[in-house]
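Next comes coords_31.tsv, a file with TSV, C-alpha atoms and all ligand atoms.
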```
chain	number	residue	atom	x	y	z
D	1	MET	CA	24.70	26.39	71.12
D	2	ARG	CA	25.88	23.61	68.81
D	3	THR	CA	22.77	21.53	69.49
D	4	ARG	CA	20.60	24.51	68.59
D	5	GLN	CA	22.40	24.91	65.25
D	6	ILE	CA	21.93	21.22	64.49
D	7	ILE	CA	18.22	21.47	65.33
D	8	VAL	CA	17.87	24.49	63.01
D	9	VAL	CA	19.60	22.59	60.19
D	10	ILE	CA	17.33	19.57	60.76
D	11	LEU	CA	14.26	21.82	60.70
D	12	PHE	CA	15.36	23.34	57.39
D	13	VAL	CA	15.95	19.88	55.90
D	14	LEU	CA	12.50	18.74	57.06
D	15	LEU	CA	10.94	21.89	55.63
D	16	GLY	CA	12.73	21.23	52.31
D	17	ILE	CA	11.51	17.63	52.17
D	18	GLY	CA	8.00	18.80	53.02
D	19	LEU	CA	8.06	21.32	50.17
D	20	ILE	CA	9.32	18.69	47.70
D	21	ILE	CA	6.57	16.24	48.74
D	22	PHE	CA	4.01	19.05	48.45
D	23	PHE	CA	5.04	19.94	44.88
D	24	ILE	CA	5.25	16.29	43.77
D	25	SER	CA	1.79	15.50	45.15
D	26	ARG	CA	0.43	18.68	43.55
D	27	ASP	CA	1.87	17.59	40.17
D	28	SER	CA	0.25	14.18	40.44
D	29	ASP	CA	-3.11	15.92	40.71
D	30	THR	CA	-2.61	17.18	37.13
D	31	PRO	CA	-5.33	15.63	34.95
D	32	GLN	CA	-4.18	12.65	32.86
D	33	GLU	CA	-5.04	14.49	29.67
D	34	ALA	CA	-2.65	17.34	30.47
D	35	ILE	CA	0.22	14.91	31.11
D	36	GLU	CA	-0.40	13.17	27.79
D	37	THR	CA	-0.44	16.48	25.92
D	38	ALA	CA	2.86	17.43	27.52
D	39	ASN	CA	4.46	14.15	26.38
D	40	LEU	CA	3.65	14.46	22.68
D	41	GLY	CA	7.27	14.82	21.54
D	42	PRO	CA	8.66	12.17	19.22
D	43	GLU	CA	8.91	8.66	20.58
D	44	ARG	CA	12.27	7.25	19.49
D	45	LYS	CA	12.61	3.52	19.07
D	46	VAL	CA	15.45	1.34	17.87
D	47	LEU	CA	13.72	-1.09	15.51
D	48	GLY	CA	16.78	-3.26	15.05
D	49	LEU	CA	20.41	-3.26	13.94
D	50	SER	CA	22.20	-3.15	10.61
D	51	VAL	CA	24.84	-5.70	9.53
D	52	GLU	CA	27.51	-3.60	11.28
D	53	LYS	CA	25.27	-3.18	14.34
D	54	ARG	CA	24.18	0.39	13.80
D	55	ASP	CA	20.77	1.42	15.12
D	56	ILE	CA	17.83	1.59	12.73
D	57	GLU	CA	15.60	4.14	14.41
D	58	SER	CA	12.00	5.24	14.14
D	59	TYR	CA	10.51	8.48	15.41
D	60	ARG	CA	6.79	8.67	16.07
D	61	TYR	CA	4.87	11.94	16.21
D	62	SER	CA	1.35	12.29	17.61
D	63	ASN	CA	-1.11	9.49	18.13
D	64	GLY	CA	-3.90	9.24	15.56
D	65	GLU	CA	-5.41	6.07	14.15
D	66	THR	CA	-4.27	6.79	10.57
D	67	ARG	CA	-0.60	5.86	10.38
D	68	LEU	CA	1.67	7.44	7.78
D	69	LEU	CA	5.21	6.11	7.49
D	70	PHE	CA	8.10	7.98	5.81
D	71	ILE	CA	11.36	6.17	5.05
D	72	GLY	CA	14.68	7.64	3.97
D	73	GLY	CA	18.00	6.15	3.02
D	74	ILE	CA	17.29	2.59	1.89
D	75	HIS	CA	20.12	3.26	-0.59
D	76	GLY	CA	22.41	4.60	2.11
D	77	GLY	CA	25.09	7.18	1.42
D	78	TYR	CA	24.60	6.95	-2.33
D	79	GLU	CA	21.26	8.73	-1.71
D	80	TRP	CA	22.26	10.57	1.48
D	81	ASN	CA	19.99	13.50	0.54
D	82	SER	CA	16.94	11.28	1.18
D	83	VAL	CA	18.21	10.87	4.77
D	84	VAL	CA	18.82	14.60	5.28
D	85	LEU	CA	15.32	15.28	3.94
D	86	ALA	CA	13.93	12.89	6.60
D	87	TYR	CA	15.92	14.64	9.35
D	88	GLN	CA	14.73	18.05	8.19
D	89	PHE	CA	11.15	16.80	8.16
D	90	MET	CA	11.62	15.58	11.75
D	91	ASP	CA	12.94	19.02	12.78
D	92	TYR	CA	9.92	20.60	11.14
D	93	LEU	CA	7.55	18.34	13.07
D	94	GLU	CA	9.30	19.23	16.32
D	95	THR	CA	8.80	22.96	15.78
D	96	ASN	CA	5.39	22.66	14.09
D	97	PRO	CA	3.63	19.77	15.87
D	98	THR	CA	0.17	21.11	15.05
D	99	VAL	CA	0.74	20.50	11.34
D	100	VAL	CA	-0.19	16.83	11.91
D	101	PRO	CA	-3.99	16.43	11.99
D	102	GLU	CA	-5.45	14.84	15.13
D	103	ASN	CA	-6.37	11.55	13.48
D	104	ILE	CA	-2.90	11.02	11.97
D	105	THR	CA	0.27	9.49	13.40
D	106	VAL	CA	3.50	10.24	11.56
D	107	THR	CA	6.40	7.83	11.88
D	108	VAL	CA	9.77	8.51	10.26
D	109	ILE	CA	12.53	5.96	9.71
D	110	PRO	CA	15.17	8.44	8.58
D	111	SER	CA	17.97	6.03	7.72
D	112	LEU	CA	17.16	2.43	6.80
D	113	ASN	CA	20.69	1.63	5.63
D	114	PRO	CA	22.96	3.28	8.22
D	115	ASP	CA	26.04	1.24	7.19
D	116	GLY	CA	25.72	2.57	3.66
D	117	VAL	CA	25.45	6.10	5.04
D	118	TYR	CA	28.53	5.59	7.21
D	119	LYS	CA	30.53	4.42	4.20
D	120	VAL	CA	30.07	7.79	2.51
D	121	ILE	CA	29.67	10.23	5.41
D	122	GLY	CA	32.11	8.57	7.84
D	123	LYS	CA	30.02	9.73	10.77
D	124	GLU	CA	27.74	7.90	13.19
D	125	GLY	CA	24.16	9.01	13.67
D	126	ARG	CA	22.71	12.24	12.47
D	127	PHE	CA	24.48	14.34	9.85
D	128	THR	CA	23.85	17.33	7.59
D	129	SER	CA	24.74	18.24	4.01
D	130	THR	CA	27.96	19.89	5.24
D	131	ASP	CA	29.26	16.53	6.53
D	132	VAL	CA	29.21	15.06	3.03
D	133	PRO	CA	32.73	14.79	1.54
D	134	LYS	CA	33.09	16.65	-1.76
D	135	ASP	CA	35.14	13.97	-3.47
D	136	LYS	CA	32.86	11.00	-2.87
D	137	SER	CA	32.51	8.64	-5.83
D	138	SER	CA	28.94	7.88	-6.79
D	139	ALA	CA	28.44	4.14	-6.21
D	140	PRO	CA	29.77	3.25	-2.72
D	141	GLY	CA	27.27	3.37	0.05
D	142	ARG	CA	24.28	2.25	-1.99
D	143	PHE	CA	24.43	-1.33	-0.69
D	144	ASN	CA	24.45	-2.64	2.86
D	145	ALA	CA	27.59	-4.07	4.47
D	146	ASN	CA	26.95	-7.45	2.77
D	147	THR	CA	27.02	-5.65	-0.61
D	148	VAL	CA	23.32	-6.33	-1.06
D	149	ASP	CA	21.00	-3.82	-2.70
D	150	LEU	CA	18.35	-3.67	0.04
D	151	ASN	CA	15.69	-2.53	-2.37
D	152	ARG	CA	16.03	-5.88	-4.16
D	153	ASN	CA	15.82	-8.02	-0.98
D	154	PHE	CA	12.04	-7.92	-0.45
D	155	ASP	CA	9.51	-10.61	-1.25
D	156	CYS	CA	8.08	-9.48	-4.57
D	157	LYS	CA	9.31	-11.44	-7.60
D	158	TRP	CA	12.58	-11.90	-5.68
D	159	GLN	CA	15.63	-13.27	-7.50
D	160	PRO	CA	19.17	-13.69	-6.14
D	161	GLU	CA	20.47	-11.17	-8.63
D	162	SER	CA	18.74	-8.10	-9.89
D	163	LYS	CA	19.50	-4.94	-11.79
D	164	TRP	CA	20.45	-1.40	-10.96
D	165	ARG	CA	20.58	0.40	-14.29
D	166	ASP	CA	23.07	-1.66	-16.32
D	167	ASN	CA	24.65	-3.27	-13.26
D	168	ILE	CA	23.93	-6.71	-11.86
D	169	VAL	CA	23.46	-6.37	-8.09
D	170	SER	CA	23.13	-8.90	-5.29
D	171	ALA	CA	19.62	-9.22	-3.87
D	172	GLY	CA	20.72	-11.38	-0.91
D	173	ILE	CA	20.45	-15.14	-0.45
D	174	LYS	CA	16.66	-15.07	0.02
D	175	PRO	CA	13.92	-12.47	0.59
D	176	PHE	CA	14.61	-10.62	3.86
D	177	SER	CA	18.05	-12.24	4.27
D	178	GLU	CA	19.39	-8.79	5.21
D	179	PRO	CA	18.77	-7.45	8.72
D	180	GLU	CA	17.78	-4.01	7.44
D	181	ALA	CA	15.05	-5.45	5.19
D	182	LEU	CA	13.88	-7.76	7.97
D	183	VAL	CA	13.66	-4.84	10.41
D	184	LEU	CA	11.35	-3.02	8.03
D	185	LYS	CA	9.27	-6.14	7.38
D	186	ASN	CA	8.74	-6.81	11.10
D	187	PHE	CA	7.94	-3.18	11.81
D	188	VAL	CA	5.40	-2.95	8.98
D	189	LEU	CA	3.65	-6.21	9.91
D	190	GLU	CA	3.30	-5.11	13.52
D	191	TYR	CA	2.57	-1.44	12.99
D	192	LYS	CA	0.32	-1.79	9.91
D	193	PRO	CA	0.85	1.62	8.30
D	194	THR	CA	-2.06	3.15	6.41
D	195	ALA	CA	0.33	4.41	3.71
D	196	ILE	CA	4.08	4.63	3.13
D	197	VAL	CA	6.36	7.11	1.38
D	198	PHE	CA	9.93	6.16	0.44
D	199	TRP	CA	12.44	8.88	-0.36
D	200	HIS	CA	15.11	8.11	-2.97
D	201	SER	CA	17.14	10.05	-5.52
D	202	GLN	CA	17.62	10.96	-8.38
D	203	SER	CA	14.88	10.65	-10.99
D	204	GLY	CA	12.73	13.59	-9.90
D	205	ALA	CA	9.34	11.87	-9.90
D	206	VAL	CA	6.70	10.19	-7.75
D	207	TYR	CA	6.15	6.52	-8.54
D	208	ALA	CA	3.28	4.17	-7.73
D	209	SER	CA	4.04	0.62	-6.61
D	210	LYS	CA	2.91	-2.85	-7.64
D	211	CYS	CA	3.76	-6.51	-7.47
D	212	GLU	CA	1.75	-9.27	-9.22
D	213	ASP	CA	-1.72	-7.77	-8.80
D	214	GLY	CA	-1.27	-4.32	-10.25
D	215	ILE	CA	-1.45	-0.96	-8.52
D	216	LEU	CA	-3.75	-0.42	-5.53
D	217	PRO	CA	-6.34	2.31	-6.28
D	218	GLU	CA	-5.30	4.12	-3.09
D	219	THR	CA	-1.70	4.17	-4.32
D	220	ILE	CA	-2.78	5.99	-7.47
D	221	ASN	CA	-4.63	8.52	-5.32
D	222	ILE	CA	-1.73	9.32	-3.01
D	223	MET	CA	0.77	9.36	-5.88
D	224	ASN	CA	-1.34	12.02	-7.58
D	225	VAL	CA	-1.89	13.97	-4.33
D	226	TYR	CA	1.85	14.10	-3.55
D	227	ALA	CA	2.86	14.78	-7.16
D	228	ARG	CA	0.37	17.58	-7.67
D	229	ALA	CA	1.42	19.40	-4.48
D	230	SER	CA	5.17	18.85	-4.81
D	231	GLY	CA	5.43	19.51	-8.52
D	232	TYR	CA	7.18	16.19	-9.32
D	233	PRO	CA	5.63	14.29	-12.22
D	234	ALA	CA	3.56	11.22	-11.32
D	235	VAL	CA	4.68	7.96	-12.92
D	236	GLU	CA	2.55	4.84	-12.64
D	237	SER	CA	5.20	2.29	-13.38
D	238	PHE	CA	8.97	2.29	-13.24
D	239	ASP	CA	10.07	0.84	-16.54
D	240	ALA	CA	13.54	2.28	-17.05
D	241	TYR	CA	14.88	-1.22	-16.35
D	242	GLN	CA	13.56	-4.48	-14.93
D	243	THR	CA	13.84	-4.80	-11.15
D	244	SER	CA	12.85	-7.46	-8.63
D	245	GLY	CA	12.50	-7.68	-4.88
D	246	ASP	CA	11.79	-3.98	-4.30
D	247	ALA	CA	10.30	-2.95	-0.96
D	248	GLU	CA	7.48	-0.98	-2.57
D	249	GLY	CA	6.39	-4.02	-4.60
D	250	TRP	CA	6.28	-6.21	-1.50
D	251	LEU	CA	4.22	-3.58	0.34
D	252	ALA	CA	1.80	-3.42	-2.60
D	253	SER	CA	1.50	-7.23	-2.44
D	254	ILE	CA	0.37	-7.05	1.20
D	255	GLY	CA	-2.10	-4.27	0.44
D	256	ILE	CA	-0.29	-1.18	1.78
D	257	PRO	CA	-0.46	1.86	-0.51
D	258	THR	CA	3.15	2.90	-1.07
D	259	ILE	CA	4.78	5.57	-3.20
D	260	THR	CA	8.39	6.30	-4.06
D	261	VAL	CA	9.49	9.91	-4.24
D	262	GLU	CA	12.72	10.41	-6.16
D	263	LEU	CA	14.51	13.70	-5.54
D	264	LYS	CA	15.88	15.41	-8.66
D	265	THR	CA	19.60	15.06	-7.87
D	266	HIS	CA	21.83	13.22	-5.39
D	267	GLU	CA	22.66	16.49	-3.59
D	268	THR	CA	19.51	18.60	-3.28
D	269	ILE	CA	17.10	18.23	-0.35
D	270	GLU	CA	14.05	19.84	-2.04
D	271	PHE	CA	12.44	20.36	1.33
D	272	GLU	CA	9.72	22.82	0.30
D	273	GLU	CA	8.51	20.61	-2.54
D	274	ASN	CA	8.32	17.57	-0.27
D	275	LEU	CA	6.74	19.46	2.61
D	276	ALA	CA	4.00	20.53	0.19
D	277	GLY	CA	3.56	16.88	-0.84
D	278	ILE	CA	3.42	15.74	2.80
D	279	LYS	CA	0.92	18.45	3.78
D	280	ALA	CA	-1.25	17.41	0.86
D	281	LEU	CA	-1.17	13.83	2.17
D	282	PHE	CA	-2.17	15.13	5.62
D	283	GLU	CA	-5.07	16.95	4.03
D	284	TYR	CA	-6.02	13.81	2.08
D	285	TYR	CA	-6.06	11.61	5.19
D	286	LYS	CA	-7.43	14.21	7.57
D	287	GLN	CA	-10.84	13.54	9.05
D	288	PRO	CA	-13.13	16.51	9.37
D	289	SER	CA	-12.75	17.61	12.96
D	290	ILE	CA	-15.95	17.48	14.96
D	291	SER	CA	-17.20	20.47	16.89
D	292	ASN	CA	-17.36	20.61	20.69
D	293	GLU	CA	-21.15	20.48	20.50
D	294	GLU	CA	-20.96	17.21	18.56
D	295	LYS	CA	-18.42	15.85	21.06
D	296	ILE	CA	-20.83	16.54	23.92
D	297	ILE	CA	-23.63	14.74	22.07
D	298	LEU	CA	-21.29	11.81	21.39
D	299	ASN	CA	-20.26	11.63	25.04
D	300	LYS	CA	-23.89	11.78	26.15
D	301	ASN	CA	-24.77	8.95	23.81
D	302	LYS	CA	-21.85	6.93	25.13
D	303	SER	CA	-22.91	7.33	28.75
D	304	LEU	CA	-26.53	6.55	27.83
D	305	THR	CA	-25.40	3.33	26.16
D	306	PHE	CA	-23.32	2.53	29.18
D	307	VAL	CA	-26.23	3.08	31.61
D	308	SER	CA	-28.67	1.00	29.60
M	1	ZN	ZN	17.29	4.58	-4.45
```

Using the file provided, produce a representation of the structure as structure tokens.
Amino acid sequence: MRTRQIIVVILFVLLGIGLIIFFISRDSDTPQEAIETANLGPERKVLGLSVEKRDIESYRYSNGETRLLFIGGIHGGYEWNSVVLAYQFMDYLETNPTVVPENITVTVIPSLNPDGVYKVIGKEGRFTSTDVPKDKSSAPGRFNANTVDLNRNFDCKWQPESKWRDNIVSAGIKPFSEPEALVLKNFVLEYKPTAIVFWHSQSGAVYASKCEDGILPETINIMNVYARASGYPAVESFDAYQTSGDAEGWLASIGIPTITVELKTHETIEFEENLAGIKALFEYYKQPSISNEEKIILNKNKSLTFVS
């Protein structure tokens, strides 16, 4: 009797294993294309670490050949709303993945200065507007943990000291002396973005970028595209005060069209305005999609070339 029970149990186990193998092998028959489509969620990468060893993350959406990069929080907790805007944009992409045209890849670096964010928010990782203390003073959290203004640490007219309004700020001991700036440099050189948008606050405008050689024509175009759709005024040059070593200037010097979007205050997210600006950029960089008929002709041509 006992032996019979054991045999029945063994048979059930074998049947179970058989079923598992059957379903696994059936799954592996799924065409490659279907698997790729199913995996199109964001790809999270840690690009490097801040001075205090916090992750600097990137999130990549879709897989087109035109690469748009959006960066929040270079000025840390002082401009925490630029980080929340980036997070909200990421949420939007998760729920509306089809908003990104086929030929475009979107990458978001939501928080380039996580130590500066931590100084104000007091929380690791992702946060929302409700985590922001009411009694924060305005200046802390702008710099990194070495008290360097990261947006003065890039290789465009770099000087050891620079200005932030009427204040003298440290720009580091040399261009890219700060790990956060170096992380962005290495990422950009490897990834070669087609265009870049930085989110800051609080001048309520879209700025072009330049270093020694003036503004790239493409920068003017995307500044106007974003400004028109979002409603922020377009400003060709930032001349409120003299700066040096800004990230946008360095990017202009290596030929990457870059714009700076300044939110109107230090507290508002202005999501709808920015989403309109982003969608306009998508439209600007979108390639006309080709019809199925054209695809078939293309494929035929390819195989003909291959045969000959
Ligand atoms: Zn800023």

9 Å from ligand ZN 1 (chain M) is the threshold here; counting only C-alpha atoms and all ligand atoms, which polymer residues fall inside it? Answer as a PDB file with C-alpha atoms, in the frame of the given file.
```pdb
ATOM      1  CA  GLY D  73      18.000   6.150   3.020  1.00  0.00           C
ATOM      2  CA  ILE D  74      17.290   2.590   1.890  1.00  0.00           C
ATOM      3  CA  HIS D  75      20.120   3.260  -0.590  1.00  0.00           C
ATOM      4  CA  GLY D  76      22.410   4.600   2.110  1.00  0.00           C
ATOM      5  CA  TYR D  78      24.600   6.950  -2.330  1.00  0.00           C
ATOM      6  CA  GLU D  79      21.260   8.730  -1.710  1.00  0.00           C
ATOM      7  CA  SER D  82      16.940  11.280   1.180  1.00  0.00           C
ATOM      8  CA  ARG D 142      24.280   2.250  -1.990  1.00  0.00           C
ATOM      9  CA  ASN D 151      15.690  -2.530  -2.370  1.00  0.00           C
ATOM     10  CA  PHE D 198       9.930   6.160   0.440  1.00  0.00           C
ATOM     11  CA  TRP D 199      12.440   8.880  -0.360  1.00  0.00           C
ATOM     12  CA  HIS D 200      15.110   8.110  -2.970  1.00  0.00           C
ATOM     13  CA  SER D 201      17.140  10.050  -5.520  1.00  0.00           C
ATOM     14  CA  GLN D 202      17.620  10.960  -8.380  1.00  0.00           C
ATOM     15  CA  GLU D 262      12.720  10.410  -6.160  1.00  0.00           C
TER      16      GLU D 262
END
```

Report task. Pick out the closest residue to Ala86 (chain D) from this set: D:Val99, D:Phe127, D:Lys192, D:Asp55. Count only C-alpha atoms. Result ->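 The answer is D:Phe127, which sits nearest to Ala86 (chain D).
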
Query raised in the report: Using all atoms listed in the file, which residues sit within 10 Å of Ser162 (chain D) once same-chain residues fewer than 4 positions away are excluded, as a PyMOL selection string?
Result: chain D and resi 149+151-153+158+167-172+242-246

Query - Which residue of D:Tyr59, D:Glu270, D:Pro101, D:Glu218 approaches Leu85 (chain D) most closely, using only C-alpha atoms - result: D:Glu270

Query raised in the report: So which residues touch region 46-49 of chain D within 8 Å, counting all atoms listed in the file, skipping near sequence neighbours fewer than 3 positions away, as JSON, numbers by chain?
Result: {"D": [52, 53, 54, 55, 56, 57, 58, 179, 180, 183, 187]}

Can I get the selection written as a CSV table (one decimal), in the coordinates of the input, with C-alpha atoms?
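Once everything was written out, this is again39.csv:
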```csv
chain,number,residue,atom,x,y,z
D,52,GLU,CA,27.5,-3.6,11.3
D,53,LYS,CA,25.3,-3.2,14.3
D,54,ARG,CA,24.2,0.4,13.8
D,55,ASP,CA,20.8,1.4,15.1
D,56,ILE,CA,17.8,1.6,12.7
D,57,GLU,CA,15.6,4.1,14.4
D,58,SER,CA,12.0,5.2,14.1
D,179,PRO,CA,18.8,-7.4,8.7
D,180,GLU,CA,17.8,-4.0,7.4
D,183,VAL,CA,13.7,-4.8,10.4
D,187,PHE,CA,7.9,-3.2,11.8
```

Residues near Ala276 (chain D), cut-off 8 Å, all atoms listed in the file, skip fewer than 5 positions along chain, as an mmCIF file with C-alpha atoms, in the coordinates of the input:
```cif
data_model
loop_
_atom_site.group_PDB
_atom_site.id
_atom_site.type_symbol
_atom_site.label_atom_id
_atom_site.label_comp_id
_atom_site.auth_asym_id
_atom_site.auth_seq_id
_atom_site.Cartn_x
_atom_site.Cartn_y
_atom_site.Cartn_z
ATOM 1 C CA TYR D 226 1.850 14.100 -3.550
ATOM 2 C CA ALA D 229 1.420 19.400 -4.480
ATOM 3 C CA SER D 230 5.170 18.850 -4.810
#
```

Report task. Using only C-alpha atoms, find the one residue out of D:Phe89, D:Phe176, D:Gly249, D:Thr147 that sits nearest to Gly277 (chain D). Result -> D:Phe89

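The spacing separating CA of Cys156 (chain D) from CA of Lys174 (chain D) amounts to 11.2 Å.
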
Env of Gly231 (chain D): 12 Å cut, atoms = only C-alpha atoms, seq-sep filter 4 positions within chain, self excluded. Answer as a compact mmCIF listing (two decimals) with C-alpha atoms, in the coordinates of the input.
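The new file out03.txt reads:
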```txt
# COMPACT_ATOMS: atom_id res chain seq x y z
CA GLY D 204 12.73 13.59 -9.90
CA ALA D 205 9.34 11.87 -9.90
CA VAL D 206 6.70 10.19 -7.75
CA MET D 223 0.77 9.36 -5.88
CA ASN D 224 -1.34 12.02 -7.58
CA VAL D 225 -1.89 13.97 -4.33
CA TYR D 226 1.85 14.10 -3.55
CA ALA D 227 2.86 14.78 -7.16
CA VAL D 261 9.49 9.91 -4.24
CA GLU D 262 12.72 10.41 -6.16
CA LEU D 263 14.51 13.70 -5.54
CA LYS D 264 15.88 15.41 -8.66
CA GLU D 270 14.05 19.84 -2.04
CA GLU D 272 9.72 22.82 0.30
CA GLU D 273 8.51 20.61 -2.54
CA ASN D 274 8.32 17.57 -0.27
CA LEU D 275 6.74 19.46 2.61
CA ALA D 276 4.00 20.53 0.19
CA GLY D 277 3.56 16.88 -0.84
CA ALA D 280 -1.25 17.41 0.86
```

Requested in this report: Check the smallest atom-to-atom distance from each of D:Phe70, D:Phe282, D:Trp250, D:Trp164 to Leu189 (chain D) using only C-alpha atoms, then report the winner.
Outcome: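 The shortest atom-to-atom distance to Leu189 (chain D) comes from D:Trp250.
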
**Report entry** Point-to-point distance in Å for CA of Met90 (chain D) and CA of Thr105 (chain D)
**Finding:**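 Pair CA of Thr105 (chain D) / CA of Met90 (chain D) returns 13.0 Å.
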
Requested in this report: Between D:Lys119, D:Lys134, D:Arg126, D:Lys185, single out the one closest to Gly77 (chain D), counting only C-alpha atoms.
Outcome: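 Closest to Gly77 (chain D), using only C-alpha atoms: D:Lys119.
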
Report summary line: One decimal place gives the CA of Ala247 (chain D)-CA of Leu150 (chain D) separation as 8.1 Å

Query - Residue nearest Ile109 (chain D) among D:Ile259, D:Val84, D:Ile278, D:Val148 (counting only C-alpha atoms) - result: D:Val84

**Report entry** Residues within 6 Å of Pro110 (chain D), only C-alpha atoms, excluding chain neighbours under 2 positions, as JSON, numbers by chain
**Finding:** {"D": [71, 72, 83, 86, 108]}

Only N, CA and C atoms, please: region 205-221 of chain D from the block, as a tab-separated table (two decimals), in the first residue's frame.
```
chain	number	residue	atom	x	y	z
D	205	ALA	N	12.21	80.05	-18.74
D	205	ALA	CA	12.55	80.29	-20.14
D	205	ALA	C	13.30	79.08	-20.70
D	206	VAL	N	13.41	79.06	-22.04
D	206	VAL	CA	14.21	78.03	-22.71
D	206	VAL	C	15.44	78.73	-23.30
D	207	TYR	N	16.61	78.22	-22.95
D	207	TYR	CA	17.85	78.85	-23.40
D	207	TYR	C	18.59	77.98	-24.40
D	208	ALA	N	19.22	78.62	-25.37
D	208	ALA	CA	20.14	77.93	-26.27
D	208	ALA	C	21.47	77.74	-25.52
D	209	SER	N	22.45	77.15	-26.19
D	209	SER	CA	23.73	76.92	-25.54
D	209	SER	C	24.86	77.26	-26.50
D	210	LYS	N	25.99	77.68	-25.95
D	210	LYS	CA	27.15	77.95	-26.82
D	210	LYS	C	28.42	77.96	-25.99
D	211	CYS	N	29.54	77.73	-26.70
D	211	CYS	CA	30.84	77.89	-26.05
D	211	CYS	C	31.61	78.95	-26.85
D	212	GLU	N	32.73	78.58	-27.47
D	212	GLU	CA	33.51	79.58	-28.23
D	212	GLU	C	32.92	79.86	-29.61
D	213	ASP	N	32.30	78.84	-30.21
D	213	ASP	CA	31.93	78.94	-31.63
D	213	ASP	C	30.48	79.30	-31.90
D	214	GLY	N	29.84	79.94	-30.94
D	214	GLY	CA	28.47	80.35	-31.17
D	214	GLY	C	27.48	79.21	-31.04
D	215	ILE	N	26.23	79.51	-31.37
D	215	ILE	CA	25.14	78.55	-31.17
D	215	ILE	C	25.00	77.65	-32.39
D	216	LEU	N	24.84	76.35	-32.17
D	216	LEU	CA	24.60	75.43	-33.29
D	216	LEU	C	23.22	75.72	-33.88
D	217	PRO	N	23.10	75.70	-35.23
D	217	PRO	CA	21.79	75.98	-35.84
D	217	PRO	C	20.70	75.05	-35.31
D	218	GLU	N	21.05	73.78	-35.08
D	218	GLU	CA	20.07	72.83	-34.59
D	218	GLU	C	19.58	73.21	-33.18
D	219	THR	N	20.47	73.81	-32.40
D	219	THR	CA	20.09	74.25	-31.05
D	219	THR	C	19.01	75.33	-31.13
D	220	ILE	N	19.19	76.25	-32.07
D	220	ILE	CA	18.18	77.30	-32.26
D	220	ILE	C	16.83	76.66	-32.61
D	221	ASN	N	16.89	75.67	-33.50
D	221	ASN	CA	15.64	75.01	-33.92
D	221	ASN	C	14.93	74.38	-32.73
```
